[in-house]
$ cat input.pdb   # PDB, C-alpha atoms
ATOM      1  CA  MET A   1      59.741  29.530-116.742
ATOM      2  CA  ASN A   2      57.375  32.225-115.494
ATOM      3  CA  VAL A   3      55.050  31.683-112.532
ATOM      4  CA  HIS A   4      52.187  34.090-112.335
ATOM      5  CA  ARG A   5      50.191  34.685-109.215
ATOM      6  CA  ILE A   6      46.807  33.086-109.086
ATOM      7  CA  ASN A   7      45.611  35.205-106.232
ATOM      8  CA  PRO A   8      45.189  38.921-107.020
ATOM      9  CA  LEU A   9      46.191  39.883-103.474
ATOM     10  CA  ASP A  10      49.724  40.794-102.677
ATOM     11  CA  PRO A  11      51.014  38.216-100.152
ATOM     12  CA  LEU A  12      52.947  40.888 -98.334
ATOM     13  CA  THR A  13      49.896  43.058 -97.704
ATOM     14  CA  LYS A  14      48.058  42.445 -94.462
ATOM     15  CA  VAL A  15      44.532  41.274 -95.134
ATOM     16  CA  SER A  16      41.997  42.780 -92.759
ATOM     17  CA  SER A  17      39.702  40.435 -90.866
ATOM     18  CA  PRO A  18      36.060  40.409 -91.881
ATOM     19  CA  GLU A  19      33.764  42.684 -89.929
ATOM     20  CA  LYS A  20      32.043  41.164 -86.948
ATOM     21  CA  SER A  21      28.379  40.518 -87.422
ATOM     22  CA  LYS A  22      25.978  42.918 -85.829
ATOM     23  CA  LYS A  23      23.918  41.847 -82.831
ATOM     24  CA  ALA A  24      20.396  40.766 -83.555
ATOM     25  CA  GLU A  25      17.832  43.428 -82.961
ATOM     26  CA  SER A  26      15.533  42.743 -80.025
ATOM     27  CA  VAL A  27      11.901  41.984 -80.701
ATOM     28  CA  SER A  28       9.592  44.539 -79.171
ATOM     29  CA  ARG A  29       6.661  42.165 -78.688
ATOM     30  CA  PRO A  30       6.671  38.938 -76.653
ATOM     31  CA  GLU A  31       6.575  35.672 -78.516
ATOM     32  CA  SER A  32       3.374  33.663 -78.380
ATOM     33  CA  ILE A  33       1.794  30.626 -79.930
ATOM     34  CA  LYS A  34      -1.805  29.713 -80.591
ATOM     35  CA  LEU A  35      -3.078  26.184 -80.015
ATOM     36  CA  SER A  36      -6.058  24.704 -81.763
ATOM     37  CA  ASP A  37      -8.965  23.400 -79.722
ATOM     38  CA  GLN A  38      -7.992  19.875 -80.762
ATOM     39  CA  ALA A  39      -4.439  20.394 -79.428
ATOM     40  CA  ARG A  40      -5.794  21.725 -76.128
ATOM     41  CA  GLU A  41      -8.087  18.717 -75.740
ATOM     42  CA  ALA A  42      -5.198  16.359 -76.496
ATOM     43  CA  ALA A  43      -3.060  18.088 -73.857
ATOM     44  CA  ILE A  44      -5.839  17.800 -71.270
ATOM     45  CA  LEU A  45      -6.319  14.107 -72.065
ATOM     46  CA  LYS A  46      -2.576  13.476 -71.747
ATOM     47  CA  MET A  47      -2.461  15.238 -68.360
ATOM     48  CA  ALA A  48      -5.450  13.200 -67.171
ATOM     49  CA  ALA A  49      -3.808   9.968 -68.314
ATOM     50  CA  ASP A  50      -0.563  10.902 -66.537
ATOM     51  CA  ILE A  51      -2.468  11.653 -63.309
ATOM     52  CA  ALA A  52      -4.362   8.351 -63.558
ATOM     53  CA  LYS A  53      -1.108   6.426 -64.077
ATOM     54  CA  ALA A  54       0.461   8.112 -61.043
ATOM     55  CA  ALA A  55      -2.536   7.366 -58.785
ATOM     56  CA  PRO A  56      -2.282   4.440 -56.375
ATOM     57  CA  GLU A  57      -3.882   1.206 -57.463
ATOM     58  CA  LEU A  58      -7.474   0.640 -56.304
ATOM     59  CA  ARG A  59      -8.214  -2.357 -54.161
ATOM     60  CA  MET A  60     -11.536  -3.685 -55.366
ATOM     61  CA  GLU A  61     -12.189  -5.691 -52.194
ATOM     62  CA  LYS A  62     -12.109  -2.467 -50.137
ATOM     63  CA  ILE A  63     -14.473  -0.757 -52.571
ATOM     64  CA  GLU A  64     -16.905  -3.678 -52.467
ATOM     65  CA  ALA A  65     -16.800  -3.723 -48.639
ATOM     66  CA  ALA A  66     -17.560   0.009 -48.542
ATOM     67  CA  LYS A  67     -20.499  -0.471 -50.928
ATOM     68  CA  ARG A  68     -21.875  -3.296 -48.760
ATOM     69  CA  ASN A  69     -21.487  -1.210 -45.611
ATOM     70  CA  LEU A  70     -23.203   1.806 -47.149
ATOM     71  CA  SER A  71     -26.099  -0.303 -48.407
ATOM     72  CA  ASP A  72     -26.659  -1.694 -44.855
ATOM     73  CA  PRO A  73     -29.142   0.601 -43.027
ATOM     74  CA  ASN A  74     -27.687  -0.344 -39.611
ATOM     75  CA  TYR A  75     -24.065   0.381 -40.569
ATOM     76  CA  LEU A  76     -24.137   4.081 -39.748
ATOM     77  CA  GLN A  77     -25.740   3.427 -36.358
ATOM     78  CA  ARG A  78     -23.034   0.841 -35.489
ATOM     79  CA  VAL A  79     -20.258   3.260 -36.493
ATOM     80  CA  ILE A  80     -21.768   6.027 -34.362
ATOM     81  CA  GLU A  81     -22.061   3.712 -31.336
ATOM     82  CA  GLN A  82     -18.466   2.446 -31.733
ATOM     83  CA  THR A  83     -17.149   5.987 -32.055
ATOM     84  CA  ALA A  84     -19.099   7.142 -28.991
ATOM     85  CA  GLU A  85     -17.716   4.230 -26.954
ATOM     86  CA  LYS A  86     -14.127   5.092 -27.951
ATOM     87  CA  VAL A  87     -14.652   8.747 -27.045
ATOM     88  CA  MET A  88     -16.059   7.795 -23.648
ATOM     89  CA  GLU A  89     -13.129   5.397 -23.028
ATOM     90  CA  SER A  90     -10.632   8.111 -23.850
ATOM     91  CA  PHE A  91     -12.240  10.352 -21.168
ATOM     92  CA  GLY A  92     -12.307   7.478 -18.675
ATOM     93  CA  LEU A  93     -16.095   7.190 -18.545
TER
END
$ encode --input "input.pdb" --output "C-alpha cells"
Amino acid sequence: MNVHRINPLDPLTKVSSPEKSKKAESVSRPESIKLSDQAREAAILKMAADIAKAAPELRMEKIEAAKRNLSDPNYLQRVIEQTAEKVMESFGL
C-alpha cells in the first residue's frame, strides 16, 4: 500500500509565518459630515423637548395669582410700600 502526500509542502520544512499587515495610512483631511436642514430642525426640536422635560413643573395657581396681581392697578403701589417699610425696619427707623 502506497500513501501519497496530499499536501505539497514538505512536513519537515519550516513554514514561514504570513507577513504582518501594513498600518493604515493616515488621512490628511479631517473627517466631517453634512446634515440636511430637516435633520438640523429635528435635532433642535429634540433638544427643546429634552429641556422642557427637565424643567420644573409649573404651578398654575401661582401663575394665576401673578396674573391677578399684575392686572390690579394698586398692586405695584402696595409692593413698593411694603418694601419701603421693611427697609426702614431694617435700619431701625
$ atom_distance --input "input.pdb" --atom1 "CA of Asp37 in chain A" --atom2 "CA of Ala52 in chain A"
22.6 Å
$ atom_distance --input "input.pdb" --atom1 "CA of Ala66 in chain A" --atom2 "CA of Ile80 in chain A"
16.0 Å
$ atom_distance --input "input.pdb" --atom1 "CA of Ala43 in chain A" --atom2 "CA of Leu58 in chain A"
25.1 Å
$ build_atoms --input "input.pdb" --residues "range 64-75 of chain A" --atoms "all heavy atoms" --output "CSV table (one decimal), in the frame of the given file"
chain,number,residue,atom,x,y,z
A,64,GLU,N,-15.7,-2.8,-52.6
A,64,GLU,CA,-16.9,-3.7,-52.5
A,64,GLU,C,-17.4,-3.7,-51.0
A,64,GLU,O,-18.6,-3.6,-50.7
A,64,GLU,CB,-16.6,-5.1,-53.0
A,64,GLU,CG,-16.4,-5.2,-54.5
A,64,GLU,CD,-17.6,-4.7,-55.3
A,64,GLU,OE1,-18.8,-4.9,-54.8
A,64,GLU,OE2,-17.4,-4.1,-56.3
A,65,ALA,N,-16.4,-3.7,-50.1
A,65,ALA,CA,-16.8,-3.7,-48.6
A,65,ALA,C,-17.5,-2.4,-48.3
A,65,ALA,O,-18.5,-2.4,-47.5
A,65,ALA,CB,-15.6,-3.9,-47.8
A,66,ALA,N,-17.0,-1.3,-48.8
A,66,ALA,CA,-17.6,0.0,-48.5
A,66,ALA,C,-19.0,0.1,-49.1
A,66,ALA,O,-19.9,0.6,-48.5
A,66,ALA,CB,-16.7,1.1,-49.1
A,67,LYS,N,-19.2,-0.5,-50.3
A,67,LYS,CA,-20.5,-0.5,-50.9
A,67,LYS,C,-21.5,-1.3,-50.1
A,67,LYS,O,-22.6,-0.9,-49.9
A,67,LYS,CB,-20.4,-1.1,-52.3
A,67,LYS,CG,-19.8,-0.1,-53.4
A,67,LYS,CD,-19.8,-0.8,-54.7
A,67,LYS,CE,-19.2,0.1,-55.8
A,67,LYS,NZ,-19.2,-0.5,-57.1
A,68,ARG,N,-21.0,-2.5,-49.6
A,68,ARG,CA,-21.9,-3.3,-48.8
A,68,ARG,C,-22.2,-2.6,-47.5
A,68,ARG,O,-23.4,-2.6,-47.0
A,68,ARG,CB,-21.2,-4.6,-48.4
A,68,ARG,CG,-21.2,-5.7,-49.5
A,68,ARG,CD,-20.8,-7.0,-49.0
A,68,ARG,NE,-19.5,-7.0,-48.3
A,68,ARG,CZ,-18.4,-7.1,-48.9
A,68,ARG,NH1,-18.3,-7.3,-50.2
A,68,ARG,NH2,-17.2,-7.1,-48.2
A,69,ASN,N,-21.2,-1.9,-46.9
A,69,ASN,CA,-21.5,-1.2,-45.6
A,69,ASN,C,-22.5,-0.1,-45.8
A,69,ASN,O,-23.3,0.2,-45.0
A,69,ASN,CB,-20.2,-0.7,-45.0
A,69,ASN,CG,-19.3,-1.8,-44.4
A,69,ASN,OD1,-19.8,-2.8,-44.1
A,69,ASN,ND2,-18.0,-1.5,-44.4
A,70,LEU,N,-22.3,0.7,-46.9
A,70,LEU,CA,-23.2,1.8,-47.1
A,70,LEU,C,-24.6,1.4,-47.5
A,70,LEU,O,-25.6,2.1,-47.3
A,70,LEU,CB,-22.6,2.7,-48.2
A,70,LEU,CG,-21.3,3.4,-47.8
A,70,LEU,CD1,-20.7,4.2,-49.0
A,70,LEU,CD2,-21.6,4.4,-46.7
A,71,SER,N,-24.8,0.2,-48.1
A,71,SER,CA,-26.1,-0.3,-48.4
A,71,SER,C,-26.8,-0.9,-47.2
A,71,SER,O,-28.0,-1.0,-47.2
A,71,SER,CB,-26.0,-1.4,-49.5
A,71,SER,OG,-25.4,-2.5,-49.0
A,72,ASP,N,-26.1,-1.2,-46.1
A,72,ASP,CA,-26.7,-1.7,-44.9
A,72,ASP,C,-27.2,-0.5,-44.1
A,72,ASP,O,-26.5,0.4,-43.7
A,72,ASP,CB,-25.6,-2.4,-44.1
A,72,ASP,CG,-26.1,-3.0,-42.8
A,72,ASP,OD1,-27.3,-3.0,-42.5
A,72,ASP,OD2,-25.3,-3.4,-41.9
A,73,PRO,N,-28.5,-0.5,-43.8
A,73,PRO,CA,-29.1,0.6,-43.0
A,73,PRO,C,-28.6,0.7,-41.6
A,73,PRO,O,-28.7,1.8,-41.0
A,73,PRO,CB,-30.6,0.3,-43.1
A,73,PRO,CG,-30.8,-1.1,-43.5
A,73,PRO,CD,-29.5,-1.5,-44.2
A,74,ASN,N,-28.2,-0.4,-41.0
A,74,ASN,CA,-27.7,-0.3,-39.6
A,74,ASN,C,-26.2,0.0,-39.5
A,74,ASN,O,-25.7,0.2,-38.4
A,74,ASN,CB,-27.9,-1.7,-38.9
A,74,ASN,CG,-29.4,-2.0,-38.9
A,74,ASN,OD1,-30.2,-1.2,-38.7
A,74,ASN,ND2,-29.7,-3.3,-39.1
A,75,TYR,N,-25.5,0.1,-40.6
A,75,TYR,CA,-24.1,0.4,-40.6
A,75,TYR,C,-23.7,1.7,-39.9
A,75,TYR,O,-22.9,1.8,-39.0
A,75,TYR,CB,-23.5,0.3,-42.0
A,75,TYR,CG,-22.1,0.8,-42.1
A,75,TYR,CD1,-21.0,-0.1,-41.6
A,75,TYR,CD2,-21.7,2.0,-42.6
A,75,TYR,CE1,-19.7,0.3,-41.6
A,75,TYR,CE2,-20.3,2.4,-42.6
A,75,TYR,CZ,-19.4,1.5,-42.2
A,75,TYR,OH,-18.1,1.9,-42.2
